>>> print(open('start-v7.txt').read())   # compact mmCIF, C-alpha atoms
# COMPACT_ATOMS: atom_id res chain seq x y z
CA MET F 4 -33.37 17.54 25.28
CA GLU F 5 -32.25 18.43 21.78
CA GLY F 6 -28.64 18.79 22.97
CA VAL F 7 -28.73 15.27 24.39
CA GLU F 8 -29.97 13.84 21.09
CA LEU F 9 -27.25 15.65 19.18
CA GLU F 10 -24.61 14.31 21.57
CA LEU F 11 -25.95 10.76 21.21
CA GLU F 12 -25.90 11.08 17.42
CA ARG F 13 -22.33 12.43 17.51
CA ARG F 14 -21.19 9.55 19.72
CA SER F 15 -22.97 7.04 17.51
CA LYS F 16 -21.20 8.37 14.41
CA PHE F 17 -17.88 8.27 16.23
CA LEU F 18 -18.38 4.65 17.31
CA ASN F 19 -19.44 3.65 13.78
CA SER F 20 -16.29 5.25 12.37
CA LEU F 21 -14.18 3.29 14.88
CA ILE F 22 -15.92 0.06 13.86
CA GLN F 23 -15.28 0.82 10.15
CA GLN F 24 -11.60 1.54 10.86
CA LYS F 25 -11.30 -1.76 12.74
CA LYS F 26 -12.91 -3.65 9.84
CA LYS F 27 -10.55 -2.05 7.31
CA ALA F 28 -7.54 -2.87 9.49
CA LYS F 29 -8.69 -6.50 9.76
CA GLU F 30 -9.22 -6.74 5.98
CA GLN F 31 -5.75 -5.27 5.39
CA GLN F 32 -4.19 -7.77 7.81
CA ASP F 33 -6.00 -10.67 6.13
CA LEU F 34 -4.76 -9.53 2.72
CA LYS F 35 -1.17 -9.30 3.99
CA GLU F 36 -1.36 -12.82 5.41
CA GLU F 37 -2.97 -14.22 2.25
CA PHE F 38 -0.28 -12.72 0.00
CA ASN F 39 2.62 -13.28 2.44
CA VAL F 40 3.37 -9.55 2.60
CA ARG F 41 5.23 -7.69 5.31
CA VAL F 42 5.16 -3.89 5.16
CA ARG F 43 8.46 -2.37 6.31
CA ALA F 44 7.52 1.30 5.86
CA SER F 45 4.63 3.10 4.22
CA ASP F 46 3.18 6.51 3.50
CA MET F 47 0.49 5.30 1.11
CA PRO F 48 -3.30 4.87 1.30
CA LEU F 49 -4.49 1.31 1.91
CA ALA F 50 -6.18 1.02 -1.49
CA MET F 51 -2.90 1.81 -3.26
CA GLN F 52 -1.01 -0.60 -1.00
CA ASN F 53 -3.48 -3.35 -1.83
CA LYS F 54 -3.04 -2.67 -5.55
CA ALA F 55 0.74 -3.06 -5.16
CA PHE F 56 0.33 -6.29 -3.17
CA ILE F 57 -2.13 -7.85 -5.61
CA LEU F 58 -0.09 -6.98 -8.70
CA SER F 59 3.14 -8.20 -7.08
CA ARG F 60 1.56 -11.50 -6.05
CA GLU F 61 0.09 -12.04 -9.53
CA LEU F 62 3.43 -11.43 -11.21
CA LEU F 63 5.37 -13.60 -8.77
CA ASN F 64 2.86 -16.43 -9.21
CA ALA F 65 3.14 -16.09 -13.01
CA THR F 66 6.91 -16.72 -12.88
CA PRO F 67 7.50 -19.91 -10.91
CA GLY F 68 10.99 -20.46 -9.60
CA LYS F 69 13.23 -17.44 -9.34
CA ALA F 70 11.45 -14.08 -9.43
CA ASP F 71 12.15 -11.76 -12.37
CA ASN F 72 12.90 -8.58 -10.42
CA LYS F 73 13.22 -6.30 -13.46
CA ARG F 74 9.89 -7.46 -14.83
CA LEU F 75 8.17 -6.93 -11.48
CA ALA F 76 9.67 -3.44 -11.10
CA LEU F 77 8.65 -2.45 -14.64
CA ALA F 78 5.11 -3.78 -14.23
CA LEU F 79 4.59 -1.99 -10.89
CA LYS F 80 6.00 1.27 -12.25
CA LYS F 81 3.90 1.21 -15.43
CA ASP F 82 0.73 0.22 -13.58
CA PHE F 83 1.12 2.96 -10.98
CA ASP F 84 2.09 5.54 -13.64
CA SER F 85 -1.11 4.83 -15.55
CA ALA F 86 -3.36 4.59 -12.47
CA PHE F 87 -1.98 7.41 -10.30
CA GLY F 88 -0.06 9.73 -12.62
CA PRO F 89 3.57 9.89 -13.73
CA ALA F 90 6.88 9.77 -11.90
CA TRP F 91 6.65 6.46 -10.04
CA HIS F 92 9.89 4.62 -9.34
CA CYS F 93 10.30 1.00 -8.33
CA ILE F 94 13.25 -0.98 -7.01
CA VAL F 95 12.93 -4.73 -6.54
CA GLY F 96 15.49 -7.13 -5.15
CA THR F 97 16.75 -9.14 -2.23
CA SER F 98 19.48 -6.76 -1.07
CA PHE F 99 19.73 -3.05 -1.76
CA GLY F 100 20.12 0.23 0.04
CA SER F 101 18.25 3.40 -0.69
CA TYR F 102 17.60 6.93 0.47
CA VAL F 103 14.82 8.63 -1.46
CA THR F 104 12.63 11.70 -1.42
CA HIS F 105 9.01 10.98 -2.23
CA SER F 106 5.71 12.78 -2.62
CA THR F 107 3.33 12.66 0.33
CA GLY F 108 1.16 9.55 0.18
CA GLY F 109 3.37 7.91 -2.44
CA PHE F 110 5.80 5.57 -0.69
CA ILE F 111 5.83 1.93 0.31
CA TYR F 112 8.60 -0.51 1.14
CA PHE F 113 7.42 -4.10 1.58
CA GLN F 114 8.54 -7.70 1.45
CA ILE F 115 6.62 -10.32 -0.47
CA ASP F 116 8.02 -13.81 -0.07
CA LYS F 117 11.78 -13.19 -0.11
CA VAL F 118 11.66 -10.21 -2.47
CA TYR F 119 11.75 -6.60 -1.27
CA VAL F 120 9.89 -3.87 -3.16
CA LEU F 121 10.44 -0.13 -2.87
CA LEU F 122 7.79 1.86 -4.73
CA PHE F 123 7.63 5.64 -4.54
CA LYS F 124 6.40 8.69 -6.39
CA THR F 125 8.27 11.94 -6.97
CA ALA F 126 6.82 15.30 -7.91
CA VAL F 127 6.92 16.31 -11.56
CA GLU F 128 7.78 19.94 -12.19
CA PRO F 129 6.45 21.49 -15.42
CA LEU F 130 9.17 22.98 -17.63
>>> encode(input="start-v7.txt", output="structure tokens")
Amino acid sequence: MEGVELELERRSKFLNSLIQQKKKAKEQQDLKEEFNVRVRASDMPLAMQNKAFILSRELLNATPGKADNKRLALALKKDFDSAFGPAWHCIVGTSFGSYVTHSTGGFIYFQIDKVYVLLFKTAVEPL
């Protein structure tokens, strides 16, 4: 009987984890729709993605009319450097090509309105 109870508990935990994942996915989708964001590629935890989306939306809303791409890139880079350690790089624009090497968990390429943002982290080697 004890084995059955353990199996039921295991299954219950599994189902709860699936429900939590579904809720997080729904919250992420709602945030993307609210901020008019379209993720093109990502290797970044959702919390970090949300931080990038929120900061980008705030800065774009603060500059009505044409977006100031350099200001947005600088703000994202500085914010991520201070929050998640050094060596973040950010490219913002409407048309650019890139081929980058990034640290695991430190890459996102997304569109917000008509502006594209490439944000990535590289490893820092001590001298």
>>> atom_distance(input="start-v7.txt", atom1="atom CA of Gly108 of chain F", atom2="atom CA of Asp46 of chain F")
4.9 Å
>>> atom_distance(input="start-v7.txt", atom1="atom CA of Met47 of chain F", atom2="atom CA of Ile111 of chain F")
6.4 Å
>>> atom_distance(input="start-v7.txt", atom1="atom CA of Thr107 of chain F", atom2="atom CA of Val127 of chain F")
12.9 Å
>>> residues_near_point(input="start-v7.txt", point="(-3.2, -7.4, -5.7)", cutoff="12 Å", atoms="only C-alpha atoms", output="PDB file with C-alpha atoms, keeping the file's coordinate frame")
ATOM      1  CA  GLN F  31      -5.750  -5.270   5.390  1.00  0.00           C
ATOM      2  CA  LEU F  34      -4.760  -9.530   2.720  1.00  0.00           C
ATOM      3  CA  LYS F  35      -1.170  -9.300   3.990  1.00  0.00           C
ATOM      4  CA  GLU F  37      -2.970 -14.220   2.250  1.00  0.00           C
ATOM      5  CA  PHE F  38      -0.280 -12.720   0.000  1.00  0.00           C
ATOM      6  CA  ASN F  39       2.620 -13.280   2.440  1.00  0.00           C
ATOM      7  CA  VAL F  40       3.370  -9.550   2.600  1.00  0.00           C
ATOM      8  CA  LEU F  49      -4.490   1.310   1.910  1.00  0.00           C
ATOM      9  CA  ALA F  50      -6.180   1.020  -1.490  1.00  0.00           C
ATOM     10  CA  MET F  51      -2.900   1.810  -3.260  1.00  0.00           C
ATOM     11  CA  GLN F  52      -1.010  -0.600  -1.000  1.00  0.00           C
ATOM     12  CA  ASN F  53      -3.480  -3.350  -1.830  1.00  0.00           C
ATOM     13  CA  LYS F  54      -3.040  -2.670  -5.550  1.00  0.00           C
ATOM     14  CA  ALA F  55       0.740  -3.060  -5.160  1.00  0.00           C
ATOM     15  CA  PHE F  56       0.330  -6.290  -3.170  1.00  0.00           C
ATOM     16  CA  ILE F  57      -2.130  -7.850  -5.610  1.00  0.00           C
ATOM     17  CA  LEU F  58      -0.090  -6.980  -8.700  1.00  0.00           C
ATOM     18  CA  SER F  59       3.140  -8.200  -7.080  1.00  0.00           C
ATOM     19  CA  ARG F  60       1.560 -11.500  -6.050  1.00  0.00           C
ATOM     20  CA  GLU F  61       0.090 -12.040  -9.530  1.00  0.00           C
ATOM     21  CA  LEU F  62       3.430 -11.430 -11.210  1.00  0.00           C
ATOM     22  CA  LEU F  63       5.370 -13.600  -8.770  1.00  0.00           C
ATOM     23  CA  ASN F  64       2.860 -16.430  -9.210  1.00  0.00           C
ATOM     24  CA  LEU F  79       4.590  -1.990 -10.890  1.00  0.00           C
ATOM     25  CA  ASP F  82       0.730   0.220 -13.580  1.00  0.00           C
ATOM     26  CA  ILE F 115       6.620 -10.320  -0.470  1.00  0.00           C
TER      27      ILE F 115
END
>>> closest_residue(input="start-v7.txt", among="F:Pro48, F:Gly109, F:Gly96, F:Pro67", to="Phe83 of chain F", atoms="all atoms listed in the file")
F:Gly109
>>> residues_around(input="start-v7.txt", residues="Ile94 of chain F", least_positions_apart="5", cutoff="7 Å", atoms="all atoms listed in the file", output="ChimeraX atom specification")
/F:76,120-122
>>> write_last_selection(input="start-v7.txt", atoms="C-alpha atoms", output="mmCIF file, keeping the file's coordinate frame")
data_model
loop_
_atom_site.group_PDB
_atom_site.id
_atom_site.type_symbol
_atom_site.label_atom_id
_atom_site.label_comp_id
_atom_site.auth_asym_id
_atom_site.auth_seq_id
_atom_site.Cartn_x
_atom_site.Cartn_y
_atom_site.Cartn_z
ATOM 1 C CA ALA F 76 9.670 -3.440 -11.100
ATOM 2 C CA VAL F 120 9.890 -3.870 -3.160
ATOM 3 C CA LEU F 121 10.440 -0.130 -2.870
ATOM 4 C CA LEU F 122 7.790 1.860 -4.730
#
>>> closest_residue(input="start-v7.txt", among="F:Ala90, F:Val95, F:Ala65, F:Leu18", to="Thr125 of chain F", atoms="all atoms listed in the file")
F:Ala90
>>> closest_residue(input="start-v7.txt", among="F:Ser15, F:Gln24, F:Ser98, F:Thr104", to="Lys117 of chain F", atoms="all atoms listed in the file")
F:Ser98
>>> residues_around(input="start-v7.txt", residues="Arg43 of chain F", least_positions_apart="4", cutoff="8 Å", atoms="all atoms listed in the file", output="count of residues only")
4
